[in-house]
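Pasted below: final15.pdb, PDB, C-alpha atoms, pLDDT in the B column.
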ATOM      1  CA  MET A   1      19.787  16.522 -11.311  1.00 43.00           C
ATOM      2  CA  ASN A   2      22.875  14.400 -11.652  1.00 45.00           C
ATOM      3  CA  ARG A   3      22.917  10.718 -12.598  1.00 42.00           C
ATOM      4  CA  LEU A   4      23.349   9.518  -9.002  1.00 39.00           C
ATOM      5  CA  THR A   5      20.383  11.595  -7.808  1.00 44.00           C
ATOM      6  CA  ARG A   6      18.214  10.311 -10.688  1.00 45.00           C
ATOM      7  CA  THR A   7      19.176   6.720  -9.900  1.00 42.00           C
ATOM      8  CA  ALA A   8      18.395   7.234  -6.216  1.00 42.00           C
ATOM      9  CA  ALA A   9      15.007   8.802  -7.062  1.00 46.00           C
ATOM     10  CA  LEU A  10      14.090   5.872  -9.307  1.00 44.00           C
ATOM     11  CA  ALA A  11      15.223   3.356  -6.680  1.00 44.00           C
ATOM     12  CA  ALA A  12      13.118   5.128  -4.043  1.00 44.00           C
ATOM     13  CA  THR A  13      10.092   5.058  -6.346  1.00 45.00           C
ATOM     14  CA  LEU A  14      10.509   1.343  -7.002  1.00 45.00           C
ATOM     15  CA  MET A  15      10.960   0.595  -3.288  1.00 44.00           C
ATOM     16  CA  ALA A  16       7.893   2.650  -2.364  1.00 44.00           C
ATOM     17  CA  THR A  17       5.885   0.799  -4.983  1.00 43.00           C
ATOM     18  CA  CYS A  18       6.992  -2.533  -3.513  1.00 42.00           C
ATOM     19  CA  LEU A  19       5.950  -1.439  -0.035  1.00 38.00           C
ATOM     20  CA  LEU A  20       2.654   0.191  -0.971  1.00 42.00           C
ATOM     21  CA  ALA A  21       1.464  -2.124  -3.729  1.00 45.00           C
ATOM     22  CA  PRO A  22       2.499  -5.736  -3.278  1.00 45.00           C
ATOM     23  CA  GLY A  23       2.924  -7.415  -6.641  1.00 45.00           C
ATOM     24  CA  ALA A  24       3.346  -4.094  -8.447  1.00 45.00           C
ATOM     25  CA  THR A  25       6.956  -4.768  -9.345  1.00 46.00           C
ATOM     26  CA  ALA A  26       6.025  -8.137 -10.858  1.00 44.00           C
ATOM     27  CA  HIS A  27       3.345  -6.352 -12.877  1.00 45.00           C
ATOM     28  CA  ALA A  28       5.856  -3.684 -13.925  1.00 48.00           C
ATOM     29  CA  ALA A  29       8.323  -6.338 -15.028  1.00 50.00           C
ATOM     30  CA  SER A  30       5.767  -8.133 -17.195  1.00 52.00           C
ATOM     31  CA  GLY A  31       3.241  -5.470 -18.262  1.00 72.00           C
ATOM     32  CA  ASP A  32       2.770  -1.800 -18.972  1.00 83.00           C
ATOM     33  CA  TRP A  33       4.577   0.613 -16.690  1.00 93.00           C
ATOM     34  CA  LEU A  34       6.004   4.126 -16.845  1.00 97.00           C
ATOM     35  CA  SER A  35       8.625   5.588 -14.548  1.00 97.00           C
ATOM     36  CA  LEU A  36       7.764   9.299 -14.447  1.00 97.00           C
ATOM     37  CA  THR A  37       9.897  12.153 -13.133  1.00 97.00           C
ATOM     38  CA  VAL A  38       9.395  15.896 -12.987  1.00 97.00           C
ATOM     39  CA  THR A  39      12.373  18.096 -12.149  1.00 95.00           C
ATOM     40  CA  ARG A  40      13.254  21.768 -12.187  1.00 91.00           C
ATOM     41  CA  PRO A  41      16.542  22.226 -14.054  1.00 85.00           C
ATOM     42  CA  GLY A  42      19.202  24.060 -12.086  1.00 77.00           C
ATOM     43  CA  THR A  43      17.718  23.362  -8.647  1.00 77.00           C
ATOM     44  CA  ASN A  44      19.974  20.432  -7.648  1.00 75.00           C
ATOM     45  CA  GLY A  45      16.954  18.144  -7.392  1.00 69.00           C
ATOM     46  CA  ALA A  46      14.907  20.363  -5.061  1.00 73.00           C
ATOM     47  CA  GLY A  47      11.208  19.830  -5.700  1.00 79.00           C
ATOM     48  CA  SER A  48      11.750  16.733  -7.854  1.00 91.00           C
ATOM     49  CA  ARG A  49       8.910  14.242  -7.991  1.00 95.00           C
ATOM     50  CA  ALA A  50       8.779  10.665  -9.240  1.00 96.00           C
ATOM     51  CA  ALA A  51       6.199   7.903  -9.606  1.00 97.00           C
ATOM     52  CA  LEU A  52       5.860   4.473 -11.120  1.00 97.00           C
ATOM     53  CA  LEU A  53       2.563   4.480 -13.036  1.00 97.00           C
ATOM     54  CA  LEU A  54       0.793   1.145 -13.433  1.00 96.00           C
ATOM     55  CA  CYS A  55      -2.579   0.953 -15.183  1.00 93.00           C
ATOM     56  CA  ASP A  56      -4.032  -2.506 -14.534  1.00 88.00           C
ATOM     57  CA  PRO A  57      -5.325  -1.529 -12.016  1.00 92.00           C
ATOM     58  CA  PRO A  58      -4.314   2.166 -11.908  1.00 94.00           C
ATOM     59  CA  GLN A  59      -1.800   2.738  -9.092  1.00 95.00           C
ATOM     60  CA  GLY A  60       1.497   4.315  -8.050  1.00 96.00           C
ATOM     61  CA  HIS A  61       0.532   7.866  -9.087  1.00 96.00           C
ATOM     62  CA  PRO A  62      -1.640  10.541  -7.375  1.00 95.00           C
ATOM     63  CA  LYS A  63      -3.953  10.660 -10.430  1.00 96.00           C
ATOM     64  CA  ALA A  64      -3.352   7.148 -11.741  1.00 96.00           C
ATOM     65  CA  ALA A  65      -6.877   6.554 -13.087  1.00 96.00           C
ATOM     66  CA  GLU A  66      -6.903   9.857 -14.994  1.00 96.00           C
ATOM     67  CA  ALA A  67      -3.350   9.403 -16.313  1.00 96.00           C
ATOM     68  CA  CYS A  68      -4.080   5.859 -17.491  1.00 95.00           C
ATOM     69  CA  ALA A  69      -7.329   6.939 -19.185  1.00 95.00           C
ATOM     70  CA  GLU A  70      -5.566   9.814 -20.979  1.00 96.00           C
ATOM     71  CA  LEU A  71      -2.691   7.581 -22.125  1.00 95.00           C
ATOM     72  CA  THR A  72      -5.173   4.963 -23.358  1.00 94.00           C
ATOM     73  CA  ALA A  73      -7.172   7.590 -25.286  1.00 95.00           C
ATOM     74  CA  ALA A  74      -3.937   8.902 -26.850  1.00 94.00           C
ATOM     75  CA  ASP A  75      -2.717   5.344 -27.596  1.00 91.00           C
ATOM     76  CA  GLY A  76       0.393   6.136 -25.540  1.00 92.00           C
ATOM     77  CA  ASP A  77       1.346   9.052 -27.831  1.00 94.00           C
ATOM     78  CA  PHE A  78       2.542  11.881 -25.571  1.00 95.00           C
ATOM     79  CA  SER A  79       2.003  14.441 -28.351  1.00 94.00           C
ATOM     80  CA  ARG A  80      -1.749  13.684 -28.230  1.00 94.00           C
ATOM     81  CA  LEU A  81      -2.096  14.360 -24.489  1.00 96.00           C
ATOM     82  CA  GLY A  82      -3.372  17.481 -22.747  1.00 91.00           C
ATOM     83  CA  ASP A  83      -5.448  20.476 -23.713  1.00 87.00           C
ATOM     84  CA  LYS A  84      -3.567  22.474 -26.317  1.00 81.00           C
ATOM     85  CA  ASP A  85      -6.033  25.389 -25.954  1.00 88.00           C
ATOM     86  CA  THR A  86      -4.964  26.166 -22.369  1.00 90.00           C
ATOM     87  CA  LEU A  87      -3.537  29.655 -21.932  1.00 93.00           C
ATOM     88  CA  CYS A  88      -0.457  29.912 -19.707  1.00 94.00           C
ATOM     89  CA  THR A  89       1.476  32.917 -18.469  1.00 93.00           C
ATOM     90  CA  LEU A  90       4.826  33.694 -20.041  1.00 92.00           C
ATOM     91  CA  VAL A  91       6.667  33.328 -16.732  1.00 95.00           C
ATOM     92  CA  TYR A  92       9.795  31.271 -17.384  1.00 94.00           C
ATOM     93  CA  ALA A  93      10.228  28.634 -14.674  1.00 93.00           C
ATOM     94  CA  PRO A  94      11.382  25.558 -16.604  1.00 95.00           C
ATOM     95  CA  VAL A  95      10.249  22.092 -15.656  1.00 95.00           C
ATOM     96  CA  ARG A  96      11.534  18.857 -17.184  1.00 96.00           C
ATOM     97  CA  ALA A  97       9.270  15.830 -17.643  1.00 97.00           C
ATOM     98  CA  ARG A  98      10.638  12.366 -18.335  1.00 97.00           C
ATOM     99  CA  ALA A  99       8.981   8.997 -18.850  1.00 98.00           C
ATOM    100  CA  GLN A 100      10.596   5.656 -19.423  1.00 97.00           C
ATOM    101  CA  GLY A 101       9.069   2.210 -19.528  1.00 96.00           C
ATOM    102  CA  ARG A 102       6.654   0.155 -21.635  1.00 94.00           C
ATOM    103  CA  TRP A 103       3.210   0.975 -22.992  1.00 93.00           C
ATOM    104  CA  HIS A 104       1.196  -1.706 -24.797  1.00 90.00           C
ATOM    105  CA  GLY A 105       4.306  -3.765 -25.419  1.00 89.00           C
ATOM    106  CA  LYS A 106       6.378  -0.912 -26.857  1.00 91.00           C
ATOM    107  CA  PRO A 107       9.328   0.792 -25.176  1.00 94.00           C
ATOM    108  CA  VAL A 108       8.636   4.386 -24.122  1.00 94.00           C
ATOM    109  CA  THR A 109      11.178   7.161 -23.758  1.00 96.00           C
ATOM    110  CA  TYR A 110       9.969  10.745 -23.350  1.00 97.00           C
ATOM    111  CA  ASP A 111      12.047  13.731 -22.262  1.00 98.00           C
ATOM    112  CA  ARG A 112      10.947  17.331 -22.670  1.00 97.00           C
ATOM    113  CA  THR A 113      11.519  20.628 -20.889  1.00 97.00           C
ATOM    114  CA  PHE A 114       8.554  23.003 -20.679  1.00 96.00           C
ATOM    115  CA  GLY A 115       8.632  26.755 -19.990  1.00 96.00           C
ATOM    116  CA  ASN A 116       6.632  26.355 -16.771  1.00 95.00           C
ATOM    117  CA  ALA A 117       4.335  23.983 -14.881  1.00 94.00           C
ATOM    118  CA  CYS A 118       1.226  25.342 -16.624  1.00 95.00           C
ATOM    119  CA  GLU A 119       2.668  24.405 -20.019  1.00 96.00           C
ATOM    120  CA  LEU A 120       3.553  20.955 -18.675  1.00 96.00           C
ATOM    121  CA  GLY A 121      -0.032  20.391 -17.534  1.00 96.00           C
ATOM    122  CA  ALA A 122      -1.520  21.784 -20.740  1.00 96.00           C
ATOM    123  CA  GLU A 123       0.631  19.535 -22.909  1.00 96.00           C
ATOM    124  CA  THR A 124       0.559  16.310 -20.864  1.00 97.00           C
ATOM    125  CA  GLY A 125      -2.704  16.352 -18.890  1.00 96.00           C
ATOM    126  CA  SER A 126      -2.633  14.243 -15.720  1.00 96.00           C
ATOM    127  CA  VAL A 127       0.327  12.067 -16.713  1.00 97.00           C
ATOM    128  CA  PHE A 128       2.948  14.250 -14.994  1.00 97.00           C
ATOM    129  CA  ALA A 129       0.622  15.615 -12.263  1.00 96.00           C
ATOM    130  CA  LEU A 130       2.716  13.969  -9.553  1.00 94.00           C
ATOM    131  CA  GLU A 131       1.642  16.132  -6.622  1.00 81.00           C
ATOM    132  CA  GLY A 132      -1.293  14.802  -4.628  1.00 58.00           C
TER
END
Show me this structure written as structure tokens.
Amino acid sequence: MNRLTRTAALAATLMATCLLAPGATAHAASGDWLSLTVTRPGTNGAGSRAALLLCDPPQGHPKAAEACAELTAADGDFSRLGDKDTLCTLVYAPVRARAQGRWHGKPVTYDRTFGNACELGAETGSVFALEG
């Protein structure tokens, strides 16, 4: 996904949040928020998903309550998310997960490519589960 496509996806997420959750952008500007994207490298943006996760109250994400609870339990540490004992197939279908924002007053930047969607879910729990 090129820079213009990423910028457009983020802008669309922010606009949708404004329309669906009045006051959410004010909350995002002053509190905890994560802009989340999931893309498939090499697909020119096909199948990309994005959400703006807010946790007080949980909103902007198909599994906002679960994602917020998991992030709170992990103290915002992405390496402590998920179920590391999950077994996934060895089918290579890479998926890239990115998060940017603020969590408990600290800046967050996360960017990792996983071998497939199963690995993404196993390593990050509900945080990047952006399909309803």
With a distance cut-off of 9 Å and only C-alpha atoms, select the neighbouring residues of stretch 67-72 of chain A, excluding the residue or stretch itself and same-chain residues fewer than 6 positions from it, and output the selection as a ChimeraX atom specification. /A:53-56,58,61,78,80-82,103,124-129
Under the PyMOL selection byres ((chain A and resi 37) around 7), which residues of this model are included? Write them out as JSON, numbers by chain. {"A": [35, 36, 38, 39, 49, 50, 51, 97, 98, 99]}
What is the atom CA of A:Arg40 to atom CA of A:Asp75 distance in Å?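 Computed distance, atom CA of A:Arg40 to atom CA of A:Asp75, equals 27.6 Å.
Look at A:Val95: the protein and nucleic acid residues within 10 Å of it, using all atoms listed in the file and passing over chain neighbours fewer than 4 places away, are Val38, Thr39, Arg40, Pro41, Gly42, Ser48, Arg112, Thr113, Phe114, Gly115, Asn116, Ala117, Cys118, Glu119 and Leu120 of chain A.
Among A:Asp111, A:Glu131, A:Glu123, A:Asp32, the residue with the shortest atom-to-atom distance to A:Pro57, counting all atoms listed in the file, is A:Asp32.
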Suppose you want the space between atom CA of A:Leu52 and atom CA of A:Gly31; what is it in Å? 12.5 Å
Atomic separation - atom CA of A:Leu34 relative to atom CA of A:Thr109, Å: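 Between atom CA of A:Thr109 and atom CA of A:Leu34 the gap works out to 9.2 Å.
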Residues within 7 Å of (-1.2, 26.7, -19.3), file coords, all atoms listed in the file, listed as a PyMOL selection string: chain A and resi 86-89+118-119+121-122
Write the residues you've just listed into a file as a tab-separated table (two decimals), keeping the file's coordinate frame, and include C-alpha atoms for each of them.
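Output file selection-v5.tsv is given in full below:
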chain	number	residue	atom	x	y	z
A	86	THR	CA	-4.96	26.17	-22.37
A	87	LEU	CA	-3.54	29.66	-21.93
A	88	CYS	CA	-0.46	29.91	-19.71
A	89	THR	CA	1.48	32.92	-18.47
A	118	CYS	CA	1.23	25.34	-16.62
A	119	GLU	CA	2.67	24.40	-20.02
A	121	GLY	CA	-0.03	20.39	-17.53
A	122	ALA	CA	-1.52	21.78	-20.74
Kindly indicate which residue among A:Arg96, A:Arg102, A:Trp33, A:Leu90 lies nearest to A:Gly60, using only C-alpha atoms for the distances.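 Counting only C-alpha atoms, the residue closest to A:Gly60 is A:Trp33.
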